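Colleague: So here's model36.cif (mmCIF, C-alpha atoms).
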```cif
data_query
loop_
_atom_site.label_atom_id
_atom_site.label_comp_id
_atom_site.auth_asym_id
_atom_site.auth_seq_id
_atom_site.Cartn_x
_atom_site.Cartn_y
_atom_site.Cartn_z
CA MET V 781 0.00 0.00 0.00
CA ALA V 782 1.37 3.41 -0.99
CA LYS V 783 2.33 5.75 1.85
CA THR V 784 2.21 9.55 1.76
CA THR V 785 5.78 9.51 3.09
CA ASP V 786 7.11 7.57 0.09
CA ILE V 787 9.63 9.56 -1.93
CA ARG V 788 10.85 9.93 -5.48
CA ILE V 789 14.18 11.35 -6.61
CA VAL V 790 13.87 14.78 -8.20
CA GLU V 791 17.45 15.90 -8.77
CA THR V 792 21.02 14.78 -8.05
CA ASN V 793 24.52 16.27 -8.14
CA TRP V 794 28.04 15.35 -7.09
CA THR V 795 31.38 16.94 -6.17
CA THR V 796 34.82 15.59 -5.26
CA GLU V 797 37.61 16.70 -2.92
CA THR V 798 41.16 15.43 -2.46
CA TYR V 799 43.26 15.77 0.70
CA ALA V 800 46.84 14.81 1.57
CA TYR V 801 47.51 12.72 4.66
CA ARG V 802 49.68 14.27 7.35
CA ALA V 803 51.52 10.95 7.60
CA PRO V 804 51.34 7.75 5.54
CA MET V 805 49.17 4.87 6.73
CA LYS V 806 50.14 1.26 6.12
CA PHE V 807 47.73 -1.64 6.21
CA GLY V 808 47.69 -5.03 4.53
CA GLY V 809 51.09 -4.40 2.98
CA ARG V 810 49.87 -1.23 1.25
CA VAL V 811 50.64 2.43 1.99
CA VAL V 812 48.16 5.29 1.56
CA THR V 813 49.18 8.96 1.45
CA ASP V 814 46.01 10.83 0.41
CA VAL V 815 42.25 10.51 0.02
CA THR V 816 39.60 11.50 -2.49
CA VAL V 817 36.12 12.15 -1.14
CA LEU V 818 33.00 11.83 -3.29
CA ASN V 819 29.97 13.88 -2.20
CA ALA V 820 26.43 13.30 -3.47
CA ALA V 821 23.45 15.63 -3.21
CA VAL V 822 19.89 14.36 -3.76
CA GLU V 823 16.59 16.21 -3.79
CA VAL V 824 13.46 14.15 -3.10
CA GLU V 825 9.73 14.72 -2.96
CA THR V 826 7.14 12.80 -0.94
CA ARG V 827 3.79 11.70 -2.35
CA ASP V 828 2.14 14.54 -0.43
CA GLY V 829 4.48 17.17 -1.89
CA ARG V 830 7.16 17.71 0.75
CA ARG V 831 10.61 18.36 -0.73
CA ALA V 832 14.07 18.30 0.79
CA LYS V 833 17.71 17.97 -0.19
CA GLY V 834 20.04 15.46 1.41
CA GLN V 835 23.72 14.77 1.15
CA GLY V 836 26.07 11.82 1.40
CA SER V 837 29.85 11.67 1.53
CA MET V 838 32.44 8.93 1.50
CA THR V 839 36.15 8.45 1.09
CA MET V 840 36.91 6.48 -2.06
CA GLY V 841 39.12 3.85 -0.43
CA ASN V 842 40.32 2.22 -3.62
CA VAL V 843 43.46 0.72 -2.09
CA TRP V 844 41.20 -1.15 0.36
CA GLY V 845 38.20 -1.77 -1.87
CA TRP V 846 40.15 -2.72 -4.98
CA PRO V 847 43.68 -3.98 -4.19
CA SER V 848 44.48 -4.80 -7.80
CA GLY V 849 47.50 -6.71 -8.93
CA VAL V 850 46.88 -5.57 -12.49
CA LEU V 851 45.93 -1.90 -12.30
CA SER V 852 47.62 1.03 -10.60
CA ALA V 853 46.06 2.80 -7.63
CA ASP V 854 45.46 5.84 -9.85
CA GLU V 855 43.51 3.70 -12.31
CA THR V 856 41.33 2.04 -9.69
CA LEU V 857 40.62 5.38 -8.04
CA GLU V 858 39.66 6.97 -11.34
CA ALA V 859 37.30 4.11 -12.11
CA MET V 860 35.62 4.16 -8.70
CA VAL V 861 35.08 7.92 -8.78
CA ALA V 862 33.74 7.65 -12.33
CA LEU V 863 31.29 4.96 -11.25
CA GLY V 864 30.17 6.93 -8.21
CA CYS V 865 29.51 10.03 -10.31
CA ARG V 866 27.70 8.01 -12.97
CA LEU V 867 25.43 6.36 -10.39
CA VAL V 868 24.51 9.76 -8.94
CA GLU V 869 23.61 11.06 -12.39
CA ALA V 870 21.68 7.90 -13.35
CA ALA V 871 19.59 8.10 -10.18
CA ARG V 872 17.78 11.10 -11.70
CA ASP V 873 16.08 8.65 -14.06
CA CYS V 874 14.73 6.46 -11.26
CA THR V 875 10.93 6.74 -11.32
CA TYR V 876 10.18 4.41 -8.42
CA VAL V 877 8.30 5.96 -5.50
CA GLY V 878 8.82 4.30 -2.13
CA HIS V 879 11.00 3.99 0.95
CA PRO V 880 14.77 4.57 0.63
CA LEU V 881 15.38 0.88 1.35
CA GLU V 882 13.35 0.02 -1.75
CA ILE V 883 14.85 2.75 -3.91
CA THR V 884 18.46 1.92 -3.06
CA GLU V 885 17.80 -1.79 -3.66
CA ILE V 886 16.46 -0.97 -7.14
CA LEU V 887 19.43 1.31 -7.87
CA ALA V 888 21.84 -1.42 -6.75
CA CYS V 889 20.64 -3.61 -9.61
CA SER V 890 22.53 -1.34 -12.00
CA TYR V 891 25.86 -1.25 -10.15
CA GLN V 892 27.42 -4.10 -12.11
CA SER V 893 26.38 -2.93 -15.56
CA GLU V 894 27.40 0.64 -14.82
CA ALA V 895 30.75 -0.58 -13.47
CA ASP V 896 31.28 -2.64 -16.62
CA ASN V 897 30.55 0.46 -18.72
CA VAL V 898 33.12 2.46 -16.78
CA ILE V 899 35.74 -0.27 -17.20
CA ALA V 900 35.07 -0.39 -20.96
CA LYS V 901 35.20 3.39 -21.33
CA LEU V 902 38.50 3.64 -19.44
CA GLU V 903 39.84 0.58 -21.28
CA LEU V 904 40.96 -1.11 -18.08
CA ALA V 905 42.14 -4.71 -17.98
CA GLU V 906 40.29 -5.80 -14.85
CA ALA V 907 36.65 -5.84 -13.76
CA MET V 908 35.64 -3.76 -10.77
CA PRO V 909 35.07 -5.83 -7.60
CA VAL V 910 31.69 -5.70 -5.88
CA LEU V 911 33.27 -4.13 -2.78
CA ALA V 912 34.64 -1.25 -4.86
CA GLN V 913 31.21 -0.79 -6.45
CA LEU V 914 29.59 -0.50 -3.02
CA VAL V 915 32.12 2.09 -1.89
CA ALA V 916 31.54 4.15 -5.04
CA ALA V 917 27.75 3.98 -4.59
CA SER V 918 27.69 4.76 -0.87
CA PRO V 919 27.54 8.59 -1.10
CA LEU V 920 24.36 8.30 -3.19
CA SER V 921 22.84 5.83 -0.72
CA GLY V 922 23.58 8.10 2.23
CA ALA V 923 22.18 11.14 0.43
CA ILE V 924 18.87 9.40 -0.30
CA PHE V 925 18.35 8.43 3.34
CA ASP V 926 19.45 11.89 4.49
CA ALA V 927 17.00 13.59 2.12
CA TYR V 928 14.19 11.28 3.26
CA GLY V 929 14.70 12.21 6.90
CA ARG V 930 14.88 15.90 6.07
CA ALA V 931 11.70 15.75 4.00
CA LEU V 932 9.87 14.27 7.00
CA GLY V 933 11.69 16.39 9.58
CA GLN V 934 13.00 13.36 11.47
CA SER V 935 16.06 11.19 11.91
CA ALA V 936 16.34 8.72 9.05
CA PHE V 937 17.04 6.06 11.70
CA ASN V 938 13.53 6.60 13.09
CA LEU V 939 11.78 6.07 9.75
CA MET V 940 12.40 2.34 9.42
CA GLY V 941 9.21 0.85 10.90
CA PRO V 942 5.94 -0.29 9.27
CA ASP V 943 4.49 3.23 9.41
CA PHE V 944 7.07 4.31 6.84
CA CYS V 945 8.35 1.20 5.04
CA GLU V 946 5.65 -0.96 3.46
CA PRO V 947 7.65 -4.20 2.94
CA ASP V 948 9.03 -5.95 6.01
CA LEU V 949 12.59 -7.27 6.20
CA SER V 950 11.69 -10.54 4.50
CA ALA V 951 11.56 -8.56 1.24
CA PHE V 952 15.24 -7.68 1.63
CA LEU V 953 16.56 -10.67 3.60
CA THR V 954 14.85 -14.03 4.24
CA GLU V 955 11.55 -15.31 5.56
CA ASP V 956 13.14 -15.51 9.01
CA PHE V 957 12.57 -11.74 9.15
CA ALA V 958 8.88 -11.78 8.21
CA GLY V 959 6.94 -9.31 10.33
CA GLN V 960 10.09 -7.43 11.33
CA TRP V 961 11.38 -4.01 10.35
CA LEU V 962 14.67 -2.21 10.93
CA ASP V 963 13.22 -0.26 13.85
CA ARG V 964 13.65 -3.48 15.83
CA TYR V 965 17.40 -3.42 15.24
CA THR V 966 18.12 0.30 15.69
CA LEU V 967 17.81 2.79 18.56
CA ARG V 968 15.39 5.73 18.58
CA THR V 969 18.00 8.03 20.11
CA PRO V 970 21.79 7.84 19.74
CA LYS V 971 23.89 6.55 22.59
CA PRO V 972 25.09 9.60 24.56
CA THR V 973 28.79 8.69 24.44
CA MET V 974 30.91 5.98 22.84
CA PRO V 975 34.60 5.01 23.04
CA LEU V 976 36.81 5.89 20.09
CA TYR V 977 38.83 3.11 18.47
CA HIS V 978 42.25 4.60 17.66
CA LEU V 979 44.24 3.06 14.82
CA VAL V 980 47.84 1.99 15.29
CA GLY V 981 49.07 1.60 11.72
CA ALA V 982 52.02 -0.57 10.79
CA LEU V 983 54.16 2.55 10.17
CA ASP V 984 52.95 4.53 13.19
CA PRO V 985 55.66 5.43 15.73
CA LEU V 986 55.15 3.99 19.18
CA THR V 987 57.92 5.90 20.95
CA GLU V 988 60.18 8.88 20.33
CA GLY V 989 62.88 6.55 19.02
CA ASP V 990 60.60 5.50 16.14
CA ILE V 991 60.43 9.05 14.72
CA PRO V 992 63.19 9.91 12.19
CA GLU V 993 61.99 13.52 11.99
CA ARG V 994 59.09 15.11 13.83
CA LEU V 995 56.20 16.68 11.94
CA ASP V 996 55.76 19.30 14.67
CA ASP V 997 52.24 20.10 13.52
CA GLY V 998 50.71 20.33 16.97
CA LEU V 999 49.27 16.82 16.99
CA PRO V 1000 50.56 13.76 18.85
CA GLU V 1001 53.07 11.68 16.93
CA THR V 1002 53.70 8.64 19.13
CA LEU V 1003 51.17 6.20 20.53
CA GLY V 1004 52.04 7.29 24.06
CA GLU V 1005 51.31 10.91 23.17
CA TRP V 1006 47.95 9.98 21.64
CA ILE V 1007 46.97 7.99 24.74
CA THR V 1008 47.96 10.87 27.00
CA ARG V 1009 46.15 13.54 24.99
CA ASP V 1010 42.93 11.67 24.21
CA GLY V 1011 42.75 9.23 27.13
CA LEU V 1012 42.45 6.34 24.67
CA THR V 1013 40.88 3.09 25.86
CA ASN V 1014 40.42 1.28 22.50
CA MET V 1015 43.24 0.66 20.03
CA LYS V 1016 43.06 -1.14 16.68
CA ILE V 1017 46.37 -2.66 15.66
CA LYS V 1018 47.23 -3.12 11.98
CA LEU V 1019 49.35 -6.24 11.53
CA ASN V 1020 51.23 -7.74 8.58
CA GLY V 1021 49.80 -11.24 8.59
CA ASP V 1022 52.84 -12.78 6.88
CA ASN V 1023 55.41 -12.52 9.68
CA VAL V 1024 54.12 -13.86 12.96
CA ALA V 1025 57.22 -12.82 14.92
CA TRP V 1026 56.80 -9.21 13.76
CA ASP V 1027 53.09 -9.24 14.50
CA VAL V 1028 53.56 -10.60 18.02
CA ASP V 1029 56.42 -8.21 18.75
CA ARG V 1030 54.26 -5.32 17.53
CA VAL V 1031 51.44 -6.19 19.92
CA LEU V 1032 53.84 -6.63 22.83
CA ALA V 1033 55.54 -3.31 22.07
CA ILE V 1034 52.17 -1.57 21.94
CA GLU V 1035 51.24 -3.21 25.24
CA GLN V 1036 54.40 -1.86 26.85
CA VAL V 1037 53.79 1.68 25.62
CA ALA V 1038 50.12 1.52 26.58
CA CYS V 1039 50.89 0.23 30.08
CA GLU V 1040 53.27 3.11 30.74
CA ALA V 1041 50.95 5.78 29.35
CA GLN V 1042 47.83 4.38 31.02
CA ALA V 1043 49.60 4.05 34.39
CA ALA V 1044 50.59 7.70 34.18
CA ARG V 1045 46.94 8.70 33.77
CA GLY V 1046 45.61 6.19 36.28
CA CYS V 1047 43.74 4.04 33.77
CA GLN V 1048 43.50 0.30 34.36
CA THR V 1049 41.12 -0.80 31.63
CA TRP V 1050 41.68 -0.68 27.88
CA CYS V 1051 41.45 -3.05 24.91
CA TYR V 1052 42.82 -3.87 21.46
CA SER V 1053 41.60 -5.33 18.20
CA ALA V 1054 43.93 -7.02 15.72
CA ASP V 1055 43.42 -6.38 12.00
CA PHE V 1056 45.32 -8.56 9.54
CA ASN V 1057 43.57 -7.15 6.45
CA GLU V 1058 43.24 -10.68 4.99
CA ARG V 1059 47.02 -11.29 4.88
CA CYS V 1060 47.16 -14.50 6.93
CA GLU V 1061 47.62 -17.70 4.92
CA ASN V 1062 45.31 -19.71 7.14
CA VAL V 1063 43.76 -20.06 10.58
CA ASP V 1064 46.90 -21.76 11.89
CA TYR V 1065 48.71 -18.43 11.57
CA VAL V 1066 46.02 -16.78 13.72
CA LEU V 1067 46.21 -19.54 16.33
CA GLU V 1068 49.99 -19.30 16.53
CA PHE V 1069 49.72 -15.52 16.83
CA LEU V 1070 47.26 -15.81 19.71
CA ASP V 1071 49.35 -18.43 21.48
CA ARG V 1072 52.51 -16.37 21.23
CA VAL V 1073 50.84 -13.16 22.36
CA LYS V 1074 49.41 -15.00 25.37
CA GLU V 1075 52.82 -16.44 26.15
CA GLY V 1076 54.51 -13.05 25.83
CA SER V 1077 51.88 -11.10 27.76
CA PRO V 1078 48.75 -12.69 29.22
CA GLU V 1079 47.50 -9.17 29.91
CA ALA V 1080 47.80 -8.13 26.25
CA PHE V 1081 46.04 -11.34 25.23
CA ASP V 1082 43.17 -10.63 27.59
CA ARG V 1083 42.86 -7.12 26.15
CA LEU V 1084 42.43 -8.43 22.61
CA GLN V 1085 38.74 -7.84 21.96
CA TYR V 1086 38.48 -9.36 18.46
CA ILE V 1087 40.35 -10.46 15.34
CA GLU V 1088 39.43 -8.83 12.04
CA GLN V 1089 39.40 -10.49 8.58
CA PRO V 1090 42.56 -12.61 8.93
CA THR V 1091 42.44 -14.48 5.60
CA ALA V 1092 41.58 -13.86 1.94
CA ARG V 1093 38.38 -11.95 1.21
CA ASP V 1094 37.11 -14.37 -1.42
CA LEU V 1095 35.50 -16.88 0.93
CA ARG V 1096 34.04 -19.10 -1.78
CA ALA V 1097 37.42 -19.51 -3.47
CA ASN V 1098 39.09 -20.37 -0.16
CA PRO V 1099 36.69 -22.70 1.68
CA GLU V 1100 39.59 -24.25 3.58
CA ASN V 1101 40.01 -21.02 5.56
CA ARG V 1102 37.72 -21.95 8.41
CA MET V 1103 37.78 -19.85 11.56
CA HIS V 1104 36.00 -22.14 14.03
CA ARG V 1105 39.08 -22.85 16.18
CA ALA V 1106 40.11 -19.19 16.37
CA ALA V 1107 36.54 -18.04 17.04
CA LYS V 1108 36.46 -20.24 20.15
CA ILE V 1109 39.25 -18.06 21.53
CA LYS V 1110 38.32 -14.57 20.28
CA PRO V 1111 35.55 -13.23 18.03
CA VAL V 1112 36.66 -13.35 14.39
CA VAL V 1113 35.06 -10.58 12.36
CA ILE V 1114 34.28 -10.50 8.63
CA ASP V 1115 35.08 -7.19 6.90
CA GLU V 1116 36.38 -7.13 3.31
CA SER V 1117 34.45 -10.31 2.54
CA LEU V 1118 31.08 -8.83 3.53
CA VAL V 1119 29.29 -7.52 0.43
CA ASP V 1120 25.82 -9.05 0.73
CA LEU V 1121 23.65 -11.49 2.65
CA GLU V 1122 25.13 -14.51 0.85
CA SER V 1123 28.65 -13.58 1.94
CA LEU V 1124 27.51 -13.10 5.53
CA GLU V 1125 25.82 -16.49 5.57
CA LEU V 1126 28.91 -18.11 4.06
CA SER V 1127 31.13 -16.47 6.66
CA ARG V 1128 29.05 -18.07 9.41
CA GLU V 1129 29.49 -21.46 7.78
CA LEU V 1130 33.24 -20.89 7.75
CA GLY V 1131 33.34 -20.06 11.44
CA TYR V 1132 33.32 -16.27 11.51
CA SER V 1133 31.58 -15.07 14.66
CA GLY V 1134 31.42 -11.32 14.06
CA VAL V 1135 30.55 -8.68 11.50
CA ALA V 1136 32.16 -5.31 10.75
CA LEU V 1137 29.67 -2.84 9.32
CA LYS V 1138 30.77 0.12 7.22
CA ALA V 1139 28.79 3.10 5.94
CA CYS V 1140 31.01 2.89 2.84
CA LYS V 1141 29.12 -0.25 1.78
CA GLY V 1142 25.81 1.63 1.65
CA HIS V 1143 23.56 2.94 4.40
CA GLY V 1144 20.68 0.54 3.88
CA GLU V 1145 22.98 -2.38 3.14
CA ALA V 1146 24.87 -1.81 6.41
CA LEU V 1147 21.69 -1.61 8.48
CA LEU V 1148 20.34 -4.78 6.89
CA MET V 1149 23.55 -6.69 7.60
CA GLY V 1150 23.46 -5.29 11.13
CA ALA V 1151 19.98 -6.74 11.57
CA VAL V 1152 21.17 -10.16 10.41
CA ALA V 1153 24.18 -10.03 12.72
CA GLN V 1154 21.95 -9.18 15.69
CA HIS V 1155 19.50 -11.91 14.69
CA TYR V 1156 22.32 -14.45 14.84
CA ASP V 1157 23.77 -12.90 18.02
CA MET V 1158 27.10 -12.23 16.29
CA PHE V 1159 29.77 -9.86 17.60
CA LEU V 1160 29.15 -6.53 15.89
CA CYS V 1161 31.27 -3.45 15.25
CA VAL V 1162 31.12 -0.44 12.93
CA GLN V 1163 34.34 0.65 11.24
CA ASP V 1164 35.21 3.53 8.99
CA LEU V 1165 37.37 3.90 5.89
CA THR V 1166 39.61 6.63 7.32
CA CYS V 1167 36.47 8.72 7.08
CA VAL V 1168 36.71 12.50 7.39
CA GLY V 1169 34.18 15.29 7.90
CA ALA V 1170 30.65 14.27 7.00
CA SER V 1171 31.59 10.69 6.17
CA PHE V 1172 32.96 10.23 9.69
CA LEU V 1173 29.81 11.71 11.25
CA HIS V 1174 27.71 9.36 9.12
CA SER V 1175 29.70 6.32 10.29
CA ALA V 1176 29.56 7.49 13.90
CA SER V 1177 25.83 8.15 13.69
CA MET V 1178 25.31 4.58 12.51
CA SER V 1179 27.47 3.29 15.37
CA ALA V 1180 25.43 5.24 17.90
CA ARG V 1181 22.13 3.83 16.59
CA ILE V 1182 22.96 0.10 16.56
CA PRO V 1183 22.42 -1.38 20.05
CA THR V 1184 25.25 -3.90 20.24
CA VAL V 1185 28.02 -1.74 18.73
CA ALA V 1186 30.31 -0.68 21.58
CA ALA V 1187 32.79 1.74 19.98
CA ILE V 1188 33.43 4.09 17.07
CA GLU V 1189 36.38 3.78 14.72
CA GLY V 1190 37.69 7.16 13.61
CA ASN V 1191 41.22 7.53 12.30
CA GLY V 1192 40.67 10.47 9.98
CA ARG V 1193 41.71 12.74 12.85
CA GLN V 1194 45.10 11.01 12.90
CA TYR V 1195 45.94 10.82 9.21
CA CYS V 1196 43.92 13.55 7.50
CA PRO V 1197 42.86 16.21 10.04
CA ILE V 1198 42.84 18.92 7.37
CA ALA V 1199 39.65 17.39 5.94
CA ASN V 1200 37.90 17.86 9.30
CA ALA V 1201 38.35 21.63 9.22
CA GLY V 1202 35.09 23.38 10.04
CA TRP V 1203 33.42 20.20 11.25
CA GLU V 1204 35.49 20.25 14.45
CA ASP V 1205 34.04 23.63 15.40
CA ARG V 1206 30.46 22.57 14.70
CA TYR V 1207 30.69 19.17 16.39
CA PRO V 1208 33.53 19.46 18.91
CA THR V 1209 32.46 16.42 20.95
CA MET V 1210 32.81 14.27 17.82
CA PHE V 1211 36.27 15.47 16.83
CA LYS V 1212 37.87 16.09 20.22
CA THR V 1213 38.25 12.93 22.28
CA THR V 1214 37.87 13.19 26.06
CA ASP V 1215 38.81 10.23 28.28
CA GLY V 1216 38.69 8.06 25.18
CA GLN V 1217 35.06 8.99 24.53
CA LEU V 1218 33.15 10.85 21.82
CA GLY V 1219 29.93 12.73 22.61
CA THR V 1220 27.49 11.05 20.22
CA SER V 1221 24.38 12.63 21.75
CA VAL V 1222 24.78 15.49 19.26
CA LEU V 1223 23.98 13.12 16.38
CA ASP V 1224 20.24 13.43 17.02
CA GLY V 1225 19.31 15.73 14.15
CA VAL V 1226 17.18 15.11 11.07
CA GLY V 1227 18.38 12.96 8.18
CA LEU V 1228 21.61 11.15 9.00
CA GLY V 1229 21.75 12.99 12.32
CA PHE V 1230 23.86 16.08 11.64
CA ASP V 1231 23.78 19.33 9.67
CA TRP V 1232 25.84 19.89 6.55
#
```
Would you write out, as structure tokens, the structure that this file holds?
Modeller:
Amino acid sequence: MAKTTDIRIVETNWTTETYAYRAPMKFGGRVVTDVTVLNAAVEVETRDGRRAKGQGSMTMGNVWGWPSGVLSADETLEAMVALGCRLVEAARDCTYVGHPLEITEILACSYQSEADNVIAKLELAEAMPVLAQLVAASPLSGAIFDAYGRALGQSAFNLMGPDFCEPDLSAFLTEDFAGQWLDRYTLRTPKPTMPLYHLVGALDPLTEGDIPERLDDGLPETLGEWITRDGLTNMKIKLNGDNVAWDVDRVLAIEQVACEAQAARGCQTWCYSADFNERCENVDYVLEFLDRVKEGSPEAFDRLQYIEQPTARDLRANPENRMHRAAKIKPVVIDESLVDLESLELSRELGYSGVALKACKGHGEALLMGAVAQHYDMFLCVQDLTCVGASFLHSASMSARIPTVAAIEGNGRQYCPIANAGWEDRYPTMFKTTDGQLGTSVLDGVGLGFDW
């Protein structure tokens, strides 16, 4: 049955921005030194004539979303930006009138063909992966939900129930979700505060002796300095995944620095996550890593909250990479592999016990996968893509609205603070960390929760 709150897309536009990192970031054997941000703007109209404009923004993480062995990083970035812009323009031709979940699902049907067209036009020798397509499309997805909330004068997170969305979740997922809507899996108000997960990249200096030459830009440069300034309690450690001795030594070195810095501030409780970015050959590597960390420091082992995507992202091509044994020790979280419901279900079969959600995979898509993860009682976290400015606020807003997510990842402030200029003044509690916490209560506005 049609609802007066259903929307149609009236107009769309896009812009891009590029920012240099203050320091390089290394993950999964790759180094990133800058970021291109794609912004989408969408105007919508409800059936009863209400109009509003919404916006979406996302970093085009091509090195993460498309780690090609054939194409250069410049080529993959160009293709992803081209696809994102094309999808924004093509959305003007969408005539469907309905809820944003329905509209974005319809638009997603064209991702592959549009990506193929971009590849052909640029004469590239490799097809664009689904993950890269999702990243490119995510600004448009966010803008549609933002516009919907603004047209109705409410948070988009509060417009997910049967009063607003005609089909229930079985239309998007499986019959297990018949009679359920996303309002069951999201909060009506954001959590007031949440811990910040600080990234410790593989190149990041831990102590003064690790710095060949200081940047002297007013920001912390060692892990100890970051802990002291921000009162950090959650640290995500990027590991190599192909050198277990280095990985274990890195964790133990971080533990030593953290112990000293936390003792100085009187903190006794903090935690880590370990991110291998799919570099481990198999689960045996993970098990050896855990054993050796525990042997070297039982305290550091206890502080390990979860393991993220240890082996290759193509789960179907690597069915031998089962995580059951590791997941009995620590939650093992799917990240790069998660592109749809099928991949989530397959990850469960292979022993993964957790899910990492990302706004860069699409707003609706992330909320749907979050519902499935909660349904299965899986460990759940929301991570960013070195998001900056609006894209970070979007990711944080999602984190604050999903009940079982305990912390916010936000490393844009470390690597690309220049892109947060202006936003810091408008949302100081979201860009200035106090006692390891961000003040997420401010993300209670219309649309995605914040003003542009």
Colleague: Residues picked by the PyMOL selection byres ((chain V and resi 1104) around 8) here, as a VMD selection string?
Modeller: chain V and resid 1102 to 1103 1105 to 1108 1130 to 1132
Colleague: Based on the selection just made, write C-alpha atoms of those residues as a PDB file, in the frame of the given file.
Modeller:
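Dumped to part.pdb:
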```
ATOM      1  CA  ARG V1102      37.720 -21.950   8.410  1.00  0.00           C
ATOM      2  CA  MET V1103      37.780 -19.850  11.560  1.00  0.00           C
ATOM      3  CA  ARG V1105      39.080 -22.850  16.180  1.00  0.00           C
ATOM      4  CA  ALA V1106      40.110 -19.190  16.370  1.00  0.00           C
ATOM      5  CA  ALA V1107      36.540 -18.040  17.040  1.00  0.00           C
ATOM      6  CA  LYS V1108      36.460 -20.240  20.150  1.00  0.00           C
ATOM      7  CA  LEU V1130      33.240 -20.890   7.750  1.00  0.00           C
ATOM      8  CA  GLY V1131      33.340 -20.060  11.440  1.00  0.00           C
ATOM      9  CA  TYR V1132      33.320 -16.270  11.510  1.00  0.00           C
TER      10      TYR V1132
END
```
Colleague: Mind pulling up the distance from atom CA of Glu1125 of chain V to atom CA of Ser848 of chain V?
Modeller: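 Separation of atom CA of Ser848 of chain V and atom CA of Glu1125 of chain V: 25.8 Å.
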Colleague: Counting all atoms listed in the file, which residues come within 9 Å of (39.3, 9.6, 6.2), with the point read in the file's coordinates, and could you list them as a ChimeraX atom specification?
Modeller: /V:801,814-817,838-839,841,1164-1169,1171-1172,1190-1197,1199-1200
Colleague: At a cut-off of 12 Å, can you tabulate as a Markdown table every residue of segment 848-929 of chain V near segment 949-955 of chain V together with its closest atom pair and the distance in Å to one decimal, using all atoms listed in the file and ordering rows by chain then number?
Modeller:
```
| residue | atom | partner | partner_atom | distance |
| --- | --- | --- | --- | --- |
| V:Leu881 | CA | V:Phe952 | CA | 8.6 |
| V:Glu882 | CA | V:Phe952 | CA | 8.6 |
| V:Ile883 | CA | V:Phe952 | CA | 11.8 |
| V:Thr884 | CA | V:Phe952 | CA | 11.2 |
| V:Glu885 | CA | V:Phe952 | CA | 8.3 |
| V:Ile886 | CA | V:Phe952 | CA | 11.1 |
```
Colleague: Okay, now the selection with C-alpha atoms, as a CSV table (one decimal), in the frame of the given file?
Modeller:
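Result file follows (selection-v4.csv):
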```
chain,number,residue,atom,x,y,z
V,881,LEU,CA,15.4,0.9,1.4
V,882,GLU,CA,13.4,0.0,-1.8
V,883,ILE,CA,14.8,2.8,-3.9
V,884,THR,CA,18.5,1.9,-3.1
V,885,GLU,CA,17.8,-1.8,-3.7
V,886,ILE,CA,16.5,-1.0,-7.1
```
Colleague: Quick one: of V:Arg830, V:Arg866, V:Lys1018, V:His879, who's nearest to Gly1144 of chain V, counting all atoms listed in the file?
Modeller: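 Closest candidate: V:His879.
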